[in-house]
>>> print(open('model17.csv').read())   # CSV, C-alpha atoms
chain,number,residue,atom,x,y,z
A,1,MET,CA,-74.0,-99.6,33.1
A,2,ARG,CA,-76.5,-102.4,32.6
A,3,LEU,CA,-80.0,-102.0,34.1
A,4,LEU,CA,-83.0,-104.3,34.6
A,5,TYR,CA,-86.2,-102.3,34.1
A,6,ILE,CA,-89.3,-104.0,35.5
A,7,GLU,CA,-92.4,-102.2,34.2
A,8,ASP,CA,-95.7,-103.6,32.9
A,9,ASN,CA,-96.8,-100.4,31.1
A,10,GLU,CA,-95.4,-101.1,27.7
A,11,ARG,CA,-95.5,-97.5,26.4
A,12,LEU,CA,-93.9,-96.1,29.6
A,13,ALA,CA,-91.3,-98.9,29.5
A,14,LYS,CA,-90.4,-98.2,25.9
A,15,ASN,CA,-90.1,-94.5,26.2
A,16,THR,CA,-88.2,-94.6,29.5
A,17,ALA,CA,-85.8,-97.3,28.2
A,18,ALA,CA,-85.1,-95.2,25.2
A,19,SER,CA,-84.2,-92.2,27.4
A,20,LEU,CA,-81.9,-94.4,29.5
A,21,GLN,CA,-80.2,-95.8,26.5
A,22,ARG,CA,-79.6,-92.2,25.2
A,23,ASN,CA,-77.8,-91.7,28.5
A,24,ASP,CA,-75.5,-94.6,27.9
A,25,PHE,CA,-77.3,-97.3,29.9
A,26,VAL,CA,-77.8,-100.8,28.6
A,27,VAL,CA,-81.5,-101.6,29.4
A,28,ASP,CA,-83.3,-105.0,29.7
A,29,CYS,CA,-87.0,-104.5,30.0
A,30,VAL,CA,-89.4,-107.1,31.6
A,31,SER,CA,-93.1,-106.7,32.4
A,32,ASN,CA,-93.6,-109.2,35.3
A,33,GLY,CA,-92.1,-110.7,38.3
A,34,ALA,CA,-91.3,-114.1,36.9
A,35,ASP,CA,-89.3,-112.7,34.0
A,36,ALA,CA,-87.6,-110.3,36.4
A,37,MET,CA,-86.4,-113.1,38.6
A,38,HIS,CA,-85.2,-115.1,35.6
A,39,ALA,CA,-83.2,-112.1,34.3
A,40,ALA,CA,-81.8,-111.3,37.7
A,41,ARG,CA,-80.5,-114.8,38.1
A,42,SER,CA,-79.1,-114.9,34.5
A,43,TYR,CA,-77.3,-111.6,34.3
A,44,VAL,CA,-75.4,-109.3,36.5
A,45,TYR,CA,-77.0,-105.8,36.7
A,46,ASP,CA,-75.5,-102.6,38.0
A,47,ALA,CA,-79.0,-101.4,39.1
A,48,ILE,CA,-82.7,-102.4,39.0
A,49,VAL,CA,-85.6,-100.1,38.3
A,50,LEU,CA,-88.8,-101.6,39.9
A,51,ASP,CA,-92.5,-100.8,39.4
A,52,LEU,CA,-94.7,-102.0,42.2
A,53,GLY,CA,-97.9,-102.6,40.3
A,54,LEU,CA,-97.1,-105.8,38.4
A,55,PRO,CA,-99.6,-108.3,37.0
A,56,ASP,CA,-98.3,-111.5,38.7
A,57,ILE,CA,-96.8,-110.3,42.0
A,58,ASP,CA,-96.8,-107.3,44.3
A,59,GLY,CA,-93.7,-105.2,43.7
A,60,MET,CA,-92.8,-105.2,47.4
A,61,ASP,CA,-92.8,-109.0,47.5
A,62,LEU,CA,-90.6,-109.0,44.4
A,63,LEU,CA,-88.3,-106.6,46.1
A,64,ASP,CA,-87.8,-109.1,48.9
A,65,GLN,CA,-87.0,-111.8,46.3
A,66,LEU,CA,-84.5,-109.6,44.4
A,67,ARG,CA,-82.8,-108.7,47.7
A,68,ALA,CA,-82.4,-112.3,48.5
A,69,GLU,CA,-80.9,-113.1,45.1
A,70,ARG,CA,-78.9,-109.8,44.5
A,71,PRO,CA,-78.4,-108.2,47.9
A,72,ASP,CA,-75.8,-105.7,46.7
A,73,THR,CA,-77.6,-104.5,43.5
A,74,PRO,CA,-79.1,-101.0,43.9
A,75,VAL,CA,-82.9,-100.9,43.4
A,76,VAL,CA,-84.9,-97.8,42.5
A,77,ILE,CA,-88.6,-98.0,42.9
A,78,CYS,CA,-90.7,-96.1,40.3
A,79,THR,CA,-94.4,-96.3,41.2
A,80,ALA,CA,-97.7,-94.5,41.3
A,81,ARG,CA,-98.0,-95.3,45.0
A,82,ASP,CA,-97.4,-91.9,46.4
A,83,THR,CA,-98.4,-91.8,50.1
A,84,LEU,CA,-95.9,-91.2,52.8
A,85,GLU,CA,-96.5,-94.7,54.2
A,86,ASP,CA,-95.8,-96.2,50.8
A,87,ARG,CA,-92.5,-94.3,50.4
A,88,VAL,CA,-91.4,-95.2,53.9
A,89,ALA,CA,-92.3,-98.9,53.4
A,90,GLY,CA,-90.4,-99.0,50.1
A,91,LEU,CA,-87.3,-97.5,51.6
A,92,ASN,CA,-87.4,-99.6,54.7
A,93,SER,CA,-87.9,-102.7,52.7
A,94,GLY,CA,-84.5,-102.4,50.9
A,95,SER,CA,-84.9,-100.0,48.0
A,96,ASP,CA,-82.2,-97.4,47.5
A,97,ASP,CA,-84.5,-94.7,46.2
A,98,TYR,CA,-88.2,-94.1,45.6
A,99,LEU,CA,-89.6,-92.2,42.6
A,100,VAL,CA,-93.3,-91.4,42.2
A,101,LYS,CA,-95.0,-91.5,38.8
A,102,PRO,CA,-95.3,-89.5,36.7
A,103,PHE,CA,-91.6,-88.7,36.6
A,104,ALA,CA,-89.2,-87.1,34.1
A,105,ALA,CA,-86.7,-89.5,32.6
A,106,GLU,CA,-84.0,-87.1,33.3
A,107,GLU,CA,-84.8,-87.3,37.1
A,108,LEU,CA,-84.6,-91.1,36.9
A,109,VAL,CA,-81.2,-90.9,35.2
A,110,ALA,CA,-79.9,-88.5,37.9
A,111,ARG,CA,-81.2,-90.7,40.7
A,112,LEU,CA,-79.7,-93.8,39.2
A,113,ARG,CA,-76.3,-92.1,38.8
A,114,ALA,CA,-76.5,-90.8,42.4
A,115,VAL,CA,-77.2,-94.4,43.7
A,116,LEU,CA,-74.4,-95.8,41.6
A,117,ARG,CA,-72.0,-93.2,42.9
A,118,ARG,CA,-72.5,-94.2,46.5
A,119,PRO,CA,-69.7,-96.2,48.3
A,120,GLY,CA,-69.7,-99.6,46.8
A,121,GLY,CA,-71.7,-98.5,43.8
A,122,ALA,CA,-70.6,-99.2,40.2
A,123,LEU,CA,-70.4,-95.6,38.9
A,124,GLY,CA,-67.5,-93.3,39.6
A,125,LEU,CA,-67.7,-89.7,38.2
A,126,HIS,CA,-64.1,-89.8,36.9
A,127,LEU,CA,-62.1,-92.8,35.9
A,128,THR,CA,-58.3,-92.9,35.3
A,129,ALA,CA,-55.9,-95.4,33.8
A,130,GLY,CA,-52.4,-94.2,33.1
A,131,ASN,CA,-52.6,-90.9,31.2
A,132,ILE,CA,-56.3,-91.6,30.2
A,133,SER,CA,-59.1,-89.9,32.1
A,134,LEU,CA,-62.8,-90.5,31.5
A,135,ASP,CA,-65.6,-88.3,32.8
A,136,THR,CA,-68.6,-90.6,32.9
A,137,VAL,CA,-71.2,-87.9,33.2
A,138,ALA,CA,-69.9,-85.5,30.5
A,139,ARG,CA,-68.8,-88.6,28.5
A,140,GLU,CA,-65.5,-87.1,27.7
A,141,VAL,CA,-62.1,-88.8,27.2
A,142,ARG,CA,-58.8,-87.0,27.8
A,143,ILE,CA,-55.3,-88.2,27.2
A,144,ASP,CA,-52.6,-86.2,28.9
A,145,GLY,CA,-55.4,-83.7,29.7
A,146,VAL,CA,-56.3,-83.1,26.1
A,147,ARG,CA,-59.8,-84.1,25.0
A,148,VAL,CA,-59.9,-86.7,22.3
A,149,LYS,CA,-62.7,-87.9,20.0
A,150,VAL,CA,-63.9,-91.4,20.2
A,151,SER,CA,-67.1,-93.1,19.0
A,152,ARG,CA,-69.9,-94.0,21.4
A,153,ARG,CA,-69.1,-97.7,21.1
A,154,GLU,CA,-65.4,-97.1,21.7
A,155,LEU,CA,-66.2,-94.9,24.7
A,156,ASP,CA,-68.5,-97.6,26.1
A,157,LEU,CA,-65.9,-100.3,25.7
A,158,LEU,CA,-63.2,-98.1,27.2
A,159,GLU,CA,-65.4,-97.5,30.2
A,160,VAL,CA,-65.8,-101.2,30.7
A,161,PHE,CA,-62.0,-101.7,30.6
A,162,MET,CA,-61.3,-98.7,32.9
A,163,ARG,CA,-63.7,-99.9,35.5
A,164,ARG,CA,-61.9,-103.2,35.5
A,165,LYS,CA,-58.4,-102.2,34.7
A,166,GLY,CA,-55.9,-104.9,35.4
A,167,ARG,CA,-58.6,-107.6,35.5
A,168,VAL,CA,-59.1,-110.1,32.7
A,169,LEU,CA,-62.4,-109.7,30.9
A,170,THR,CA,-63.8,-112.5,28.8
A,171,ARG,CA,-65.8,-112.0,25.7
A,172,ASP,CA,-69.0,-112.8,27.7
A,173,ASN,CA,-68.1,-110.2,30.4
A,174,ILE,CA,-67.8,-107.5,27.7
A,175,GLU,CA,-71.0,-108.6,25.8
A,176,ASN,CA,-73.0,-108.6,29.1
A,177,ALA,CA,-71.8,-105.1,29.8
A,178,LEU,CA,-72.4,-103.6,26.4
A,179,TYR,CA,-75.5,-105.4,25.0
A,180,GLY,CA,-79.0,-106.0,26.4
A,181,PHE,CA,-80.7,-109.4,25.8
A,182,ASP,CA,-82.7,-107.9,22.9
A,183,ASP,CA,-79.4,-107.0,21.1
A,184,THR,CA,-77.7,-109.4,18.8
A,185,PRO,CA,-74.0,-108.5,18.3
A,186,THR,CA,-72.2,-110.1,15.4
A,187,PRO,CA,-69.9,-113.0,16.1
A,188,ASN,CA,-66.8,-111.0,15.9
A,189,ALA,CA,-68.2,-107.7,17.3
A,190,ILE,CA,-66.1,-107.7,20.5
A,191,GLU,CA,-62.9,-108.6,18.6
A,192,VAL,CA,-63.4,-105.8,16.1
A,193,ALA,CA,-64.3,-103.2,18.7
A,194,ALA,CA,-61.3,-104.1,20.9
A,195,HIS,CA,-58.9,-103.9,17.9
A,196,ARG,CA,-60.2,-100.5,16.9
A,197,LEU,CA,-60.0,-99.1,20.4
A,198,ARG,CA,-56.5,-100.6,20.9
A,199,LYS,CA,-55.3,-98.9,17.7
A,200,LYS,CA,-56.9,-95.6,18.5
A,201,LEU,CA,-55.4,-95.5,22.0
A,202,SER,CA,-52.0,-96.3,20.6
A,203,ASP,CA,-52.3,-93.6,17.9
A,204,LEU,CA,-53.3,-91.0,20.5
A,205,GLY,CA,-50.3,-91.8,22.7
A,206,ALA,CA,-52.2,-93.5,25.6
A,207,THR,CA,-50.0,-95.4,28.0
A,208,PRO,CA,-52.5,-98.2,28.9
A,209,ARG,CA,-52.6,-101.1,26.5
A,210,ILE,CA,-55.4,-103.5,25.7
A,211,GLU,CA,-53.8,-106.9,25.8
A,212,THR,CA,-55.4,-110.0,24.2
A,213,LEU,CA,-55.1,-113.2,26.1
A,214,ARG,CA,-55.7,-115.7,23.4
A,215,GLY,CA,-58.6,-118.0,24.2
A,216,ILE,CA,-59.3,-116.2,27.4
A,217,GLY,CA,-60.2,-112.5,26.9
A,218,TYR,CA,-58.7,-109.0,27.3
A,219,VAL,CA,-57.1,-106.9,30.0
A,220,LEU,CA,-56.3,-103.2,30.2
A,221,GLU,CA,-52.7,-102.9,31.4
A,222,ASP,CA,-50.5,-100.0,32.2
A,223,ASP,CA,-46.9,-100.2,33.4
A,224,GLY,CA,-47.3,-97.0,35.4
A,225,LEU,CA,-50.0,-98.4,37.6
>>> encode(input="model17.csv", output="structure tokens")
Amino acid sequence: MRLLYIEDNERLAKNTAASLQRNDFVVDCVSNGADAMHAARSYVYDAIVLDLGLPDIDGMDLLDQLRAERPDTPVVICTARDTLEDRVAGLNSGSDDYLVKPFAAEELVARLRAVLRRPGGALGLHLTAGNISLDTVAREVRIDGVRVKVSRRELDLLEVFMRRKGRVLTRDNIENALYGFDDTPTPNAIEVAAHRLRKKLSDLGATPRIETLRGIGYVLEDDGL
């Protein structure tokens, strides 16, 4: 899952982003409203984490702008504003959750996962494709019910394919899902990752196949679906 994290406290942003990344989120960090709107217009995010105390705009006003641009993207407010009136105003203005600072990174992860599991959200607890099942919380892959070992990058890529099984994914689609804007994948990183995952799934007896559509992208196909 790719997140936009809007926080002007550099140390907090760095530490929280690191915790989110350890929990398999791709995180883009920005420190002001202008950069946040530019990022929101340039990329598709599964969720947004929003601080209200920003240097160039009040977070509530930014929330209105984000809602106008990305009405279906979940927003979790993380702020030091802790009064009942603040919490009610934040929730009534369109945020999906409200977390008061200081907070434990583990709680933010849990709240994000809860928001993303809601109807219409991007995160399902368990994904299936043919004889493959993926537990997105435990980060476990099973084929015919037997747990198999895959690398973190292979698991991330498999999750992208399983969430969009049967749909064509371009290289840009996959890069946007797997890499933040501070990451620099090598020119053939997607091709290499797809080849390795395809071979591993075949060797393990998986029924779904990653098909390459030359000049277009990739698609996860399974004759049993």
>>> closest_residue(input="model17.csv", among="A:Tyr179, A:Ala193, A:Leu201, A:Leu20", to="Val141 of chain A", atoms="all atoms listed in the file")
A:Leu201
>>> atom_distance(input="model17.csv", atom1="atom CA of Tyr5 of chain A", atom2="atom CA of Ala47 of chain A")
8.8 Å
>>> closest_residue(input="model17.csv", among="A:Leu99, A:Val26, A:Ile6, A:Met1", to="Gly180 of chain A", atoms="only C-alpha atoms")
A:Val26
>>> closest_residue(input="model17.csv", among="A:Ala40, A:Val30, A:Leu52, A:Leu213", to="Arg167 of chain A", atoms="only C-alpha atoms")
A:Leu213
>>> residues_near_point(input="model17.csv", point="(-67.6, -106.9, 26.4)", cutoff="10 Å", atoms="only C-alpha atoms", output="list in words")
Asp156, Leu157, Leu158, Val160, Phe161, Leu169, Thr170, Arg171, Asp172, Asn173, Ile174, Glu175, Asn176, Ala177, Leu178, Tyr179, Ala189, Ile190, Glu191, Ala193, Ala194, Gly217 and Tyr218 of chain A
>>> residues_around(input="model17.csv", residues="segment 72-89 of chain A", least_positions_apart="5", cutoff="10 Å", atoms="only C-alpha atoms", output="PyMOL selection string")
chain A and resi 3-7+40+44-53+59-60+63+66-67+94-103+108+111-112+115-116+118+120-122
>>> atom_distance(input="model17.csv", atom1="atom CA of Ala39 of chain A", atom2="atom CA of Arg139 of chain A")
28.2 Å
>>> atom_distance(input="model17.csv", atom1="atom CA of Glu154 of chain A", atom2="atom CA of Leu197 of chain A")
5.9 Å
>>> closest_residue(input="model17.csv", among="A:Asp24, A:Asp61, A:Glu106, A:Glu69", to="Ser93 of chain A", atoms="all atoms listed in the file")
A:Asp61
>>> closest_residue(input="model17.csv", among="A:Ile57, A:Ala34, A:Leu91, A:Val109", to="Gln21 of chain A", atoms="all atoms listed in the file")
A:Val109
>>> residues_around(input="model17.csv", residues="Val148 of chain A", least_positions_apart="4", cutoff="12 Å", atoms="only C-alpha atoms", output="list in words")
Ile132, Ser133, Leu134, Arg139, Glu140, Val141, Arg142, Ile143, Asp144, Glu154, Leu155, Lys200, Leu201, Asp203, Leu204, Gly205 and Ala206 of chain A
>>> write_last_selection(input="model17.csv", atoms="C-alpha atoms", output="PDB file, keeping the file's coordinate frame")
ATOM      1  CA  ILE A 132     -56.300 -91.600  30.200  1.00  0.00           C
ATOM      2  CA  SER A 133     -59.100 -89.900  32.100  1.00  0.00           C
ATOM      3  CA  LEU A 134     -62.800 -90.500  31.500  1.00  0.00           C
ATOM      4  CA  ARG A 139     -68.800 -88.600  28.500  1.00  0.00           C
ATOM      5  CA  GLU A 140     -65.500 -87.100  27.700  1.00  0.00           C
ATOM      6  CA  VAL A 141     -62.100 -88.800  27.200  1.00  0.00           C
ATOM      7  CA  ARG A 142     -58.800 -87.000  27.800  1.00  0.00           C
ATOM      8  CA  ILE A 143     -55.300 -88.200  27.200  1.00  0.00           C
ATOM      9  CA  ASP A 144     -52.600 -86.200  28.900  1.00  0.00           C
ATOM     10  CA  GLU A 154     -65.400 -97.100  21.700  1.00  0.00           C
ATOM     11  CA  LEU A 155     -66.200 -94.900  24.700  1.00  0.00           C
ATOM     12  CA  LYS A 200     -56.900 -95.600  18.500  1.00  0.00           C
ATOM     13  CA  LEU A 201     -55.400 -95.500  22.000  1.00  0.00           C
ATOM     14  CA  ASP A 203     -52.300 -93.600  17.900  1.00  0.00           C
ATOM     15  CA  LEU A 204     -53.300 -91.000  20.500  1.00  0.00           C
ATOM     16  CA  GLY A 205     -50.300 -91.800  22.700  1.00  0.00           C
ATOM     17  CA  ALA A 206     -52.200 -93.500  25.600  1.00  0.00           C
TER      18      ALA A 206
END
>>> axis_aligned_box(input="model17.csv", around="segment 195-213 of chain A", padding_each_side="6 Å", output="JSON")
{"center_x": -55.1, "center_y": -102.1, "center_z": 22.9, "size_x": 22.2, "size_y": 34.2, "size_z": 24.0}
>>> closest_residue(input="model17.csv", among="A:Asp35, A:Phe181, A:Asp64, A:Glu107", to="Thr16 of chain A", atoms="only C-alpha atoms")
A:Glu107
>>> residues_around(input="model17.csv", residues="Thr207 of chain A", least_positions_apart="5", cutoff="7 Å", atoms="all atoms listed in the file", output="list in words")
Gly130, Asn131 and Asp222 of chain A
>>> write_last_selection(input="model17.csv", atoms="C-alpha atoms", output="PDB file, in the coordinates of the input")
ATOM      1  CA  GLY A 130     -52.400 -94.200  33.100  1.00  0.00           C
ATOM      2  CA  ASN A 131     -52.600 -90.900  31.200  1.00  0.00           C
ATOM      3  CA  ASP A 222     -50.500-100.000  32.200  1.00  0.00           C
TER       4      ASP A 222
END
